Amino acid sequence: MHVIADNWPYLLRAAVNTLWMAAVSIAVSTVAGMLFGIGCAVGVRVVRVVNAVAVWIVRGVPLLVVLFVVYYSLPADLSPYVAAIVALSFYFTFFVSEVVRGAIQAIPRGQVEAAKSVGLSFWQRMRLVILPQAVRAAVPPLMNLWVILVKGTAYASVISAWELTTASTEVAQRTVAPFPVYGFAMLVYFFICFALTRIGRAAEARLRYQH
Amino acid sequence: MPERMAAGVNAPSSPLITVRGLRKHFGELEVLRGVDLDVHAGEVIAVIGASGSGKTTFLRCINFLEEYDEGSISVGGETVGYAFDEAGRRRRRPERENERLRARVGMVFQSFNLFPHLRVIDNVTLGPINVLGESQAAAERRGKALLEKVGLGAKVGAYPATLSGGQQQRVAIARALAMNPTIMLFDEVTSALDPELVGEVLQAMRDLADEGMTMLVVTHELLFAREVADRVIFFADGAIVEQGPPKEVLDRPKDERLQRFMRRFTLLLGRPADLPLS
């Protein structure tokens with residue numbers, strides 16, 4: 001256990017990097033995914049085509065391969081850390097867009113018709129009637145994606161972005177004590193995801209309207 | 001309702017709604033095959049007919065929830081959905097014009113379609129605030145008065161899911177009325193309700209009729225049609241095949257399809273003439 005006692009500040013600093021990587025990727029992919037999802041549901045042709053191709057890619061290609069492509073093949077010379085954020089953001093944007101598109105399209109036609117019948121314009125219908133309901137439906141599946149994304153940051157270790165898994169591997173190799181070190185990393189990941197699901201639950205409860 | 005007749009039906013004014021040669025297809029299926037109708041201000045018209053006869057589609061065309069292929073509809077002198085040039089060619093109106101039209105035409109749906117994420121009062125004030133530009137305070141004051149009128153003054157702060165079907169439908173009526181519509185469309189508004197809840201909704205509609213509201217009511221409630229409507233129109237195969245005062249149409253049907261339709265209802269309900277309304 002002295003391995004952990006000696007190295008936990010180092011590991012936690014790496015965990016902060018993991019958190020940043022996840023937070024930025026979650027923010028980017030959620031915002032971009034919502035825009036793509038809304039664009040698709042609304043029927044903007046360009047958005048639909050781009051979304052369809054991108055969804056087809058992210059469904060069929062492993063995250064790790066996307067990460068390699070971004071890091072090794074893009075003309076831009078990205079640092080491992082930035083490359084990981086770009087890859088994660090791209091990858092999850094199109095899972096988010098599908099969730100959002102589905103949530104919007106699942107809203108009964110009658111809601112749109114009722115909104116039309118009181119004279120609301122297209123954007124008013126979207127802002128006042130459709131999106132408030134779609135967001136509520138989307139929170140649980142989005143929560144799933146965010147948790148998967150947090151764990152996906154571990155792939156960044158393969159291109160040596162300095163984050164929790166990379167740091168754990170360094171420490172494990174130096175101390176030749178993989179079990180406690182990776183065990184500690186495991187707990188940290190678990191804690192992050194656990195906290196995230198609690199936040200999601202709280203959000204769901206706040207958004208609930210059928211008392 | 002003699003005073004209503006005097007105000008509307010017999011008045012020589014031009015009709016509030018004019019429908020001419022209305023046709024509509026869903027793919028191969030021709031659901032409306034040339035519908036003509038005039039509705040005068042203050043008139044209450046019951047639209048009856050078997051499922052699939054086109055009556056709901058007809059109603060939905062009037063506020064352009066449904067596009068139509070041929071013919072014309074005008075409400076208050078303005079054509080609905082399309083503008084026509086001298087040669088009779090039509091072009092679709094800009095969305096904004098159709099939205100303005102819809103704001104003047106109230107609609108109540110079979111499945112209520114209240115906004116589940118908004119409280120009852122916010123359901124009612126959504127249109128007035130965002131479309132009519134009323135202040136929140138003014139809209140709420142009027143909204144509360146309308147909810148009182150339909151007997152739901154106590155439910156202002158409730159969410160739709162906590163209300164019974166009959167209550168939800170009455171909120172939907174108040175929501176439509178809050179836009180100060182010139183005409184109200186009712187699309188089988190009691191069909192989704194438990195039998196014991198039908199009466200309260202019909203009562204709200206009858207009150208409205210008594211106030212002189214112009215109403216087009218697609219319904220299976222023949223007793224309501226008989227008591228409240230000025231005119232009954234019977235749809236079959238996408239056209240109006242018979243119309244007239246309720247007593248005439250419901251008691252002495254001429255068209256063979258209407259006779260068959262009435263026989264089915266008489267079997268279900270006993271002789272409608274003998275039954276009280278609610």
# chains A, B, ... in the order shown; residues from 1 in each chain; ligands from 1

$ select_by_dssp --residues "chain A" --states "alpha helix (DSSP H)" --output "PyMOL selection string"
chain A and resi 2-42+45-60+63-68+80-105+109-117+122-124+131-152+164-175+178-207

$ residues_around --residues "A:Thr93" --least-positions-apart "3" --cutoff "6 Å" --atoms "only C-alpha atoms" --output "ChimeraX atom specification"
/A:29,32-33,89-90,96

$ write_last_selection --atoms "N, CA and C atoms" --output "PDB file, in the first residue's frame"
ATOM      1  N   SER A  29     -18.999  17.795 -27.651  1.00  0.00           N
ATOM      2  CA  SER A  29     -19.827  16.805 -28.360  1.00  0.00           C
ATOM      3  C   SER A  29     -21.304  17.002 -28.049  1.00  0.00           C
ATOM      4  N   ALA A  32     -22.359  20.312 -30.079  1.00  0.00           N
ATOM      5  CA  ALA A  32     -22.348  20.038 -31.526  1.00  0.00           C
ATOM      6  C   ALA A  32     -23.391  18.978 -31.871  1.00  0.00           C
ATOM      7  N   GLY A  33     -23.474  17.952 -31.018  1.00  0.00           N
ATOM      8  CA  GLY A  33     -24.446  16.881 -31.273  1.00  0.00           C
ATOM      9  C   GLY A  33     -25.871  17.397 -31.257  1.00  0.00           C
ATOM     10  N   SER A  89     -14.394  14.193 -29.080  1.00  0.00           N
ATOM     11  CA  SER A  89     -15.466  15.131 -29.402  1.00  0.00           C
ATOM     12  C   SER A  89     -16.161  14.716 -30.694  1.00  0.00           C
ATOM     13  N   PHE A  90     -15.342  14.421 -31.715  1.00  0.00           N
ATOM     14  CA  PHE A  90     -15.917  14.001 -32.992  1.00  0.00           C
ATOM     15  C   PHE A  90     -16.759  12.737 -32.800  1.00  0.00           C
ATOM     16  N   VAL A  96     -24.460  11.668 -29.795  1.00  0.00           N
ATOM     17  CA  VAL A  96     -25.381  12.648 -29.197  1.00  0.00           C
ATOM     18  C   VAL A  96     -26.428  13.081 -30.223  1.00  0.00           C
TER      19      VAL A  96
END

$ residues_around --residues "B:Asp36" --least-positions-apart "4" --cutoff "7 Å" --atoms "only C-alpha atoms" --output "PyMOL selection string"
chain B and resi 19-22

$ write_last_selection --atoms "C-alpha atoms" --output "short mmCIF file (atom, residue, chain, number, x, y, z; two decimals), in the first residue's frame"
data_model
loop_
_atom_site.label_atom_id
_atom_site.label_comp_id
_atom_site.auth_asym_id
_atom_site.auth_seq_id
_atom_site.Cartn_x
_atom_site.Cartn_y
_atom_site.Cartn_z
CA VAL B 19 -65.29 26.25 -48.97
CA ARG B 20 -65.45 25.56 -52.70
CA GLY B 21 -64.64 22.35 -54.55
CA LEU B 22 -62.24 21.11 -51.90
#

$ residues_around --residues "A:Pro140" --least-positions-apart "2" --cutoff "12 Å" --atoms "only C-alpha atoms" --output "VMD selection string"
chain A and resid 96 99 to 100 103 134 to 138 142 to 147 196 to 205 207

$ atom_distance --atom1 "atom CA of A:Val112" --atom2 "atom CA of B:Gly165"
19.7 Å
